[in-house]
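**Student:** Before I ask anything, here is the structure I am working with.
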Number of protein chains: 4
Amino acid sequence: MSDVKKVVLAYSGGLDTSVIVKWLQETYDCEVVTFTADIGQGEEVEPARAKAQALGVKEIYIEDLREEFVRDYVYPMFRANTVYEGEYLLGTSIARPLIARRLIEIANQTGADAISHGATGKGNDQVRFELGAYALKPGVKVIAPWREWDLNSREKLMAYCEQHQIPVDFSTKKKKSPYSMDANLLHISYEGGNLEDPWAEAEEDMWRWSVSPEAAPEQPTYVELTYEKGDIVAIDGQTMKPHEVLEKLNKLGGDNGIGRLDIVENRYVGMKSRGCYETPGGTIMLRAHRAIESLTLDREEAHLKDELMPKYAEVIYNGYWWSPERRMLQAAIDETQKSVNGVVRMKLYKGSATVVGRKSEQSLFDESIATFEDDAGAYDQKDAEGFIKLNALRLRIAAGKGRKQD
Amino acid sequence: MSDVKKVVLAYSGGLDTSVIVKWLQETYDCEVVTFTADIGQGEEVEPARAKAQALGVKEIYIEDLREEFVRDYVYPMFRANTVYEGEYLLGTSIARPLIARRLIEIANQTGADAISHGATGKGNDQVRFELGAYALKPGVKVIAPWREWDLNSREKLMAYCEQHQIPVDFSTKKKKSPYSMDANLLHISYEGGNLEDPWAEAEEDMWRWSVSPEAAPEQPTYVELTYEKGDIVAIDGQTMKPHEVLEKLNKLGGDNGIGRLDIVENRYVGMKSRGCYETPGGTIMLRAHRAIESLTLDREEAHLKDELMPKYAEVIYNGYWWSPERRMLQAAIDETQKSVNGVVRMKLYKGSATVVGRKSEQSLFDESIATFEDDAGAYDQKDAEGFIKLNALRLRIAAGKGRKQD
Amino acid sequence: MSDVKKVVLAYSGGLDTSVIVKWLQETYDCEVVTFTADIGQGEEVEPARAKAQALGVKEIYIEDLREEFVRDYVYPMFRANTVYEGEYLLGTSIARPLIARRLIEIANQTGADAISHGATGKGNDQVRFELGAYALKPGVKVIAPWREWDLNSREKLMAYCEQHQIPVDFSTKKKKSPYSMDANLLHISYEGGNLEDPWAEAEEDMWRWSVSPEAAPEQPTYVELTYEKGDIVAIDGQTMKPHEVLEKLNKLGGDNGIGRLDIVENRYVGMKSRGCYETPGGTIMLRAHRAIESLTLDREEAHLKDELMPKYAEVIYNGYWWSPERRMLQAAIDETQKSVNGVVRMKLYKGSATVVGRKSEQSLFDESIATFEDDAGAYDQKDAEGFIKLNALRLRIAAGKGRKQD
Amino acid sequence: MSDVKKVVLAYSGGLDTSVIVKWLQETYDCEVVTFTADIGQGEEVEPARAKAQALGVKEIYIEDLREEFVRDYVYPMFRANTVYEGEYLLGTSIARPLIARRLIEIANQTGADAISHGATGKGNDQVRFELGAYALKPGVKVIAPWREWDLNSREKLMAYCEQHQIPVDFSTKKKKSPYSMDANLLHISYEGGNLEDPWAEAEEDMWRWSVSPEAAPEQPTYVELTYEKGDIVAIDGQTMKPHEVLEKLNKLGGDNGIGRLDIVENRYVGMKSRGCYETPGGTIMLRAHRAIESLTLDREEAHLKDELMPKYAEVIYNGYWWSPERRMLQAAIDETQKSVNGVVRMKLYKGSATVVGRKSEQSLFDESIATFEDDAGAYDQKDAEGFIKLNALRLRIAAGKGRKQD
């Protein structure tokens, strides 16, 4: 273990990763560089500086990555209407490639030969961090303390803190929760505790980002979202940066009880797990994006996108953002978004985000053809007969030859 | 046009299809057989008998197909979590193959050489009726009056009625609506009127099957759905037939403002159209089915189902229920449903149907592995390292050879 | 029919399209512009000028499109390893979008309001011409004489010629063949005649571009193909333009009995048809391209390409080259070809084109890892255990819960 | 390592697995059960008995599994026209699930708690054996000596033999080859040696099952294959069992130089490897099966099969035969084969297997429609206009609204 000289750690400033700092210093006799990012998790990142310094860290990186996170990761993902297993909006998954990239960039800047993270050996996040790291710096050494050490209970961690004089007031409100949580601008997630029984309903006081639908306002809120090339660029006519859009939609969604999700999902490491998520802004964005696409995308490209989406979601969920297959899918997706411009009007009310209108200068909806009224010859109904006849031909031939059809 | 001797007409008893009866008799000098089915559209079918008799029809078929409709069409479709273009639950599409099959069976019984329907030349329903008919009876003659005649306005239809002494009180409340509507046990649809502007919000008094979320009860309703092989067999522990299940869920959903949908969709005939739908029971079923599958399906079969679903939805939407590709897909889907047994608990509240619990004796969720607590060796976290290393190998080799990764 | 003023006709100079010139002039009382292209069909195009002039045509377009054809259509298609129904290399399909585009461009230049072609109403080519035309000029009028006139036999055509003084020596050797043929730089096709019985073996004297394997040289020919970004840029080290590459490979392949194909295919219009094809160069290109990709593509992008290919082939076969879905697929395909550089060595011998070597500076093949010899620690075999264990986890959980596995 | 009591070993009788017997006995102090199967590898299996006895093995299983292998594994796989990465016929992959199943069945019969195999830690076979084993007996212990021991060179193995008095004449001619080989009824494979340079052509004397095309007979061989439900049941009219069919086709193919393949493939463990294969019978079967399907399958089911095939091939290649996703795909594939009956006529000549005729009582080829001659009204060419018009509608609308089409 003596071959590691310097390691960059994804450092939250919390108890677990503080223990990891010390454990890395001791176990690998190496220098530790900490990296703490604001990706919208809703906690101050600056306090991590003093904590890291107190642990003897000399190189401390603290960064605000919110804009980059939404612009370069969340937005591209939403262009595909991405949903994992029909429900999950990939809030945790999509933050990992950004962290992995910064870890590696900092390793390159500081001359570190290793990276480390605080993800456990049972979850998806270890995979996402490490696949990203290996893809970007193939010779990097990865240290995953939770897979190596024996501090596998809160008691042992506490004992380790005491023994190494790590201040236990590190322990934040979040850590006292019975749930394992993760948050960024796109969502907050909950696992563990009584959620380990999939039949048990999540307790109301678990949720942090949204009011319950019952507690939401009695009056609906309407909002208009302006799209350019598949991305939201303005809310109610006001131009915003990507992360401002998401912050605003999180507020609107959370206030109206929107975006709670309770699912059992299949992890890449092979087990099922039960998780609850709040994704207020993302839930609104998903429906709105489909609505603007419904006006502006050609049918066949829309259908092809739908066929590719589950694969794209799987690629991201499993941690392959930095991969040729993701780039290949992204190229196909982005090709379709050039004309995805316009405005979607949504109604937010007690847990529901409903599309009530959509318009676009690139609209392919043609009232003169679709109308039930006189279309002045725009569409010749007689064409339908030939269309049906030839589409039926293979079925008729088969039936005519006695092939069973039901 | 003299070569048609007898034609079976899908007859609603309404004005349009009554005109068609007369028009067929006159234009083709042929006998007309009427077929009227109760598929849960919410209108009496028996009155169609007297109306048909008044038009001189001798062979009149009136049938209650509700159970068959849900059991053999709706249920198999829901096994695939079928959604067209991310939103539409295919309420109209799934009723057409049943009607087509009965038209053809009645044609065979009565010795008819043709079938006819009241669908227009711009829509999908003509395609669905006719593809089904040709697949089941390849030599059948299809007469689609709306593509043939010149009665293409309400005024001309009325004049035709007067001229041919067709009682105009045929015109029902439904027909006076500004919307073109279609209903069956799965849904009711609205098109036309002010919906032809996709930016215009649907008017509240358009909706017929559900209260608005605002008007729904202040208290949530909880319901438990029992699944066997992917199909709901009981509600709150009470065993029911398929159509009783759907009727009950429609009531529960409608009372709680659930299942309204407002979309722009791509028709098979090549145009976009705007439609609104109420699918109260189906909306509940879709989420519940995903929930029971989340416990009982293997990850890879679940993902494969998700990849195949858009194709399956397209096949049904386009009218190819009676086709080899639908049977092929159904075989794959049904193969996965053998262990999809258990109970899902849903919360219904002001427009939202939310899963709050799920349990199954066939559950693949393994608390002893998934737990954040001590798993007693059920899962060896060290396995994750090799798992990640080999999954990363191709990426590392590429990066090591200088291949661009971002 | 009086509303057509000028029509651009895809004119081969043969009997059929010469009749069409006259028929268009007479039937539509309009001016005819002829367009004749050399796309490598192996016949002189210049004689079409005099023939058109003799028919009174004033605007005559004769063009050599060979380079454009291969560079912009054949090459992009081969990047996807495109094969329709497992066998057909799409030789006819891929030429149609180019013809359609030029027809429309000439229509725009000459102020024509219509285009016309000599394809029959049973085939795919009418679809391909017309979909392309409509996509590029939505208001264009398309005239398909074979669907309109009653000259549906050789006798009637001859009578028409005599009546209208069209010289019958138009009839070329090709036309006397019992087969319907089509040729361009990529292939020559044969349909009809005794091929209409799928059990009957094609007669040896039908084939025109290749010697029989039996008649091919006793010594194999070796050839080296150099790739840049997925396209062949040199043969045996000699740089060539795309169409020169294909001409050279056609020669090499034809001389060695390579590229004959005899299939039953499914037409877009709904029927099966039996066709024979000679695609000497294309057959070599397909195998060689897969070989250079085998070294230079990542596994997952390669597999994703394979999954998308049948759809891409169908899009081209059905005539949707000028469509959003083709562009979307092309974007994904082209994204993968950036590193598809290197050299493939092929052995050509009596009907077989076999890959015997491949090399690339972008190769992802890593001898140090793949070796059966000592790999000096490049690959840790112990990683495989964790890899397998976690990949097996879902299967083990299912089996442990009694789920049937065979 | 003391917790293993009895282990079932996949025993070839060769040097490596003989060393494994001894090593297992020593390292785990456990009883070893040997299992040797004839799956058509072309070597006697009975000699393995004496060798195992000499090593002190008491429970010895020697079985002829050829019929089962072809009937239950090879045939179902060929129904899908399965090819991995466009070239590889999966000869090694498809034998592993059968071996895995027998290992587990024998473990259950003999009360063994572990299985073992001689596959290395770099290859796919370890994965295939072990995924199968875990899927069928989730609690089984798997021992993979090549991942555990340090006998990682021929010298160390020899020293081990000498030390433990294992007769070195175990070493067969096969083992003296510079290549690593594997054989069963479907194929023989070669890896290693000079093949580790992908640019180097395979040496002629490497190939064992086929003559070179150059050395094959000057006269072609014709053969007729009779299909029932997608499987070959007779050759030249003579009914045969599945393995007899494959043996016969291997002979015919090998005599005519058919089935040699030289590729670089992507292993599941993440590296590329170069392999050569001889699959004489399989190569014939693949082309013949496509030919009988070309007559008897509906277009859309054929295309859907083509889209699913790469996934199905990947599932088998990666070792997931015993998985829900394989069963799901198989259900879809088998559903399509009910009418895949008839006869295919092939010409075998100097390396090529060419289809020259196909016939079927379930043929969907309809000469009366496909004909270039008068079809007596079977097909109305005018239907094509409406068919094209409506298929073009979405493209025309887009173009009409200025959407870029090229």
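For the structure tokens, the naming scheme is as follows: chains receive sequential letters (A, B, ...) according to their order of presentation, residues are indexed from 1 within each chain, and ligands are indexed from 1 in presentation order.
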Run DSSP on the backbone and grab whatever in segment 22-239 of chain A lands in strand (DSSP E or B); send it over as a ChimeraX atom specification.

**Tutor:** /A:31-38,59-64,84,88,114-116,141-143,180-183,188-191,221-228,231-235,238-239

**Student:** Which neighbours of Ala135 of chain D fall inside 8 Å, counting only C-alpha atoms, when residues of the same chain fewer than 6 positions from it are skipped, and could you give them as an MDAnalysis selection string?

**Tutor:** (chainID C and resid 392 395:396 398:399 405) or (chainID D and resid 322:323)

**Student:** Smallest atom-to-atom distance to Ile106 of chain C: which of C:Leu9, C:Ala159, C:Glu67, C:Thr120, using only C-alpha atoms?

**Tutor:** C:Leu9

**Student:** Once you count only C-alpha atoms, which residues of chain D turn out to be within 7 Å of chain C? Could you give them as a PyMOL selection string?

**Tutor:** chain D and resi 85+121-122+127+131+134-138+147+192+196+198-201+262+264-266+271-273+294-295+299+303+306-307+310+322-323+350-352+355-359+365+367+370-372+381-382+384+388+392+395-396+399-400+405-406

**Student:** What lies within 12 Å of Gly253 of chain B using only C-alpha atoms, ignoring chain neighbours under 3 positions off, as a ChimeraX atom specification?

**Tutor:** /B:186-187,209-213,216-217,220-223,245-250,256-260,278-285,346-354

**Student:** What is the distance between atom CA of Lys22 of chain A and atom CA of Leu103 of chain A, in Å to one decimal?

**Tutor:**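 Straight-line distance from atom CA of Lys22 of chain A to atom CA of Leu103 of chain A works out to 18.5 Å.
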
**Student:** So the first atom is atom CA of Asn341 of chain B and the second is atom CA of Leu225 of chain B; what is the distance between them in Å, to one decimal place?

**Tutor:**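 It comes out at 10.4 Å.
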
**Student:** Please measure the separation of atom CA of Lys156 of chain D and atom CA of Ile20 of chain D, giving the value in Å to one decimal.

**Tutor:** 13.0 Å

**Student:** What lies within 8 Å of Ile333 of chain B using only C-alpha atoms, ignoring chain neighbours under 3 positions off, as a list in words?

**Tutor:**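 Using only C-alpha atoms, the neighbours found are Arg79, Ala80, Lys305, Leu329, Gln330, Thr336 and Gln337 of chain B; Met328 of chain D.
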
**Student:** Give the helix (DSSP H, G or I) residues of segment 234-269 of chain C, as DSSP finds them on the backbone, and put them as a list in words.

**Tutor:**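 Put together, the selection reads Pro242, His243, Glu244, Val245, Leu246, Glu247, Lys248, Leu249, Asn250, Lys251, Leu252, Gly253, Gly254 and Asp255 of chain C.
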
**Student:** Residues at most 10 Å from Asp16 of chain D, counting only C-alpha atoms, excluding those fewer than 2 positions away in the same chain, as a PyMOL selection string?

**Tutor:** chain D and resi 11-14+18-21+118-119+146+154+157-158+161+170-171+175

**Student:** Can you write out the residues you just picked, keeping all heavy atoms, as a compact mmCIF listing (two decimals), in the first residue's frame?

**Tutor:**
```
# COMPACT_ATOMS: atom_id res chain seq x y z
N TYR D 11 -13.78 -32.20 -16.75
CA TYR D 11 -12.50 -32.88 -16.94
C TYR D 11 -12.37 -33.34 -18.39
O TYR D 11 -13.18 -34.12 -18.89
CB TYR D 11 -12.42 -34.08 -16.00
CG TYR D 11 -11.14 -34.87 -16.08
CD1 TYR D 11 -9.91 -34.29 -15.78
CD2 TYR D 11 -11.17 -36.22 -16.45
CE1 TYR D 11 -8.73 -35.02 -15.84
CE2 TYR D 11 -9.99 -36.97 -16.51
CZ TYR D 11 -8.77 -36.36 -16.21
OH TYR D 11 -7.61 -37.09 -16.27
N SER D 12 -11.31 -32.85 -19.07
CA SER D 12 -11.13 -33.24 -20.47
C SER D 12 -10.30 -34.49 -20.61
O SER D 12 -10.31 -35.14 -21.66
CB SER D 12 -10.45 -32.09 -21.23
OG SER D 12 -9.08 -32.03 -20.86
N GLY D 13 -9.54 -34.81 -19.57
CA GLY D 13 -8.58 -35.90 -19.68
C GLY D 13 -7.21 -35.42 -20.11
O GLY D 13 -6.26 -36.18 -20.16
N GLY D 14 -7.11 -34.14 -20.42
CA GLY D 14 -5.83 -33.58 -20.85
C GLY D 14 -4.95 -33.21 -19.67
O GLY D 14 -5.30 -33.42 -18.51
N SER D 18 -5.99 -32.58 -15.64
CA SER D 18 -5.44 -33.62 -14.78
C SER D 18 -4.67 -32.99 -13.62
O SER D 18 -4.75 -33.44 -12.47
CB SER D 18 -4.54 -34.56 -15.58
OG SER D 18 -5.32 -35.27 -16.53
N VAL D 19 -3.91 -31.98 -13.94
CA VAL D 19 -3.23 -31.25 -12.87
C VAL D 19 -4.24 -30.66 -11.89
O VAL D 19 -4.06 -30.70 -10.66
CB VAL D 19 -2.34 -30.13 -13.46
CG1 VAL D 19 -1.82 -29.20 -12.35
CG2 VAL D 19 -1.18 -30.72 -14.24
N ILE D 20 -5.35 -30.17 -12.45
CA ILE D 20 -6.38 -29.58 -11.58
C ILE D 20 -6.94 -30.61 -10.61
O ILE D 20 -7.17 -30.30 -9.44
CB ILE D 20 -7.50 -28.93 -12.43
CG1 ILE D 20 -6.95 -27.66 -13.11
CG2 ILE D 20 -8.71 -28.59 -11.58
CD1 ILE D 20 -7.91 -26.99 -14.07
N VAL D 21 -7.15 -31.84 -11.09
CA VAL D 21 -7.65 -32.89 -10.19
C VAL D 21 -6.74 -32.97 -8.96
O VAL D 21 -7.20 -32.89 -7.81
CB VAL D 21 -7.69 -34.26 -10.89
CG1 VAL D 21 -7.99 -35.37 -9.89
CG2 VAL D 21 -8.72 -34.26 -12.02
N GLY D 118 -11.42 -25.68 -16.01
CA GLY D 118 -10.06 -25.34 -16.39
C GLY D 118 -9.92 -24.09 -17.24
O GLY D 118 -8.91 -23.92 -17.92
N ALA D 119 -10.93 -23.24 -17.18
CA ALA D 119 -10.86 -22.02 -18.00
C ALA D 119 -10.01 -20.97 -17.29
O ALA D 119 -10.01 -20.87 -16.07
CB ALA D 119 -12.27 -21.47 -18.25
N TRP D 146 -7.14 -21.60 -12.36
CA TRP D 146 -6.27 -20.68 -13.10
C TRP D 146 -6.29 -19.27 -12.51
O TRP D 146 -5.39 -18.47 -12.77
CB TRP D 146 -6.68 -20.63 -14.58
CG TRP D 146 -6.24 -21.84 -15.33
CD1 TRP D 146 -7.00 -22.92 -15.64
CD2 TRP D 146 -4.93 -22.10 -15.86
NE1 TRP D 146 -6.26 -23.85 -16.32
CE2 TRP D 146 -4.98 -23.37 -16.48
CE3 TRP D 146 -3.72 -21.40 -15.86
CZ2 TRP D 146 -3.87 -23.96 -17.11
CZ3 TRP D 146 -2.62 -21.98 -16.49
CH2 TRP D 146 -2.69 -23.25 -17.09
N ARG D 154 3.88 -23.21 -18.59
CA ARG D 154 4.02 -24.63 -18.94
C ARG D 154 5.10 -25.28 -18.04
O ARG D 154 4.92 -26.41 -17.59
CB ARG D 154 4.39 -24.75 -20.43
CG ARG D 154 4.40 -26.16 -20.97
CD ARG D 154 3.22 -26.54 -21.87
NE ARG D 154 1.94 -26.05 -21.44
CZ ARG D 154 0.82 -26.81 -21.34
NH1 ARG D 154 0.84 -28.08 -21.68
NH2 ARG D 154 -0.32 -26.30 -20.95
N LEU D 157 3.71 -26.08 -14.64
CA LEU D 157 2.78 -27.20 -14.73
C LEU D 157 3.55 -28.51 -14.80
O LEU D 157 3.20 -29.49 -14.14
CB LEU D 157 1.90 -27.07 -15.98
CG LEU D 157 0.61 -26.25 -15.85
CD1 LEU D 157 -0.10 -26.24 -17.19
CD2 LEU D 157 -0.31 -26.81 -14.78
N MET D 158 4.59 -28.53 -15.64
CA MET D 158 5.38 -29.75 -15.81
C MET D 158 6.05 -30.13 -14.50
O MET D 158 6.06 -31.30 -14.10
CB MET D 158 6.45 -29.52 -16.90
CG MET D 158 5.86 -29.41 -18.29
SD MET D 158 4.93 -30.92 -18.75
CE MET D 158 4.34 -30.45 -20.36
N CYS D 161 3.61 -31.68 -12.31
CA CYS D 161 3.31 -33.06 -12.72
C CYS D 161 4.39 -34.01 -12.19
O CYS D 161 4.09 -35.08 -11.63
CB CYS D 161 3.28 -33.17 -14.25
SG CYS D 161 1.83 -32.39 -14.97
N PHE D 170 -0.03 -37.47 -20.87
CA PHE D 170 -1.34 -36.85 -20.99
C PHE D 170 -1.33 -35.88 -22.16
O PHE D 170 -2.29 -35.70 -22.87
CB PHE D 170 -1.67 -36.05 -19.71
CG PHE D 170 -2.38 -36.86 -18.68
CD1 PHE D 170 -1.76 -37.19 -17.49
CD2 PHE D 170 -3.67 -37.29 -18.90
CE1 PHE D 170 -2.42 -37.93 -16.54
CE2 PHE D 170 -4.34 -38.03 -17.93
CZ PHE D 170 -3.71 -38.36 -16.74
N SER D 171 -0.23 -35.22 -22.25
CA SER D 171 -0.08 -34.20 -23.28
C SER D 171 -0.38 -34.79 -24.65
O SER D 171 0.31 -35.68 -25.12
CB SER D 171 1.34 -33.66 -23.23
OG SER D 171 1.56 -32.82 -24.31
N LYS D 175 -2.31 -30.55 -27.57
CA LYS D 175 -1.65 -29.66 -26.63
C LYS D 175 -0.31 -29.17 -27.14
O LYS D 175 0.20 -28.18 -26.66
CB LYS D 175 -1.48 -30.36 -25.28
CG LYS D 175 -2.77 -30.54 -24.53
CD LYS D 175 -3.43 -29.20 -24.22
CE LYS D 175 -4.86 -29.40 -23.78
NZ LYS D 175 -5.58 -28.14 -23.67
```
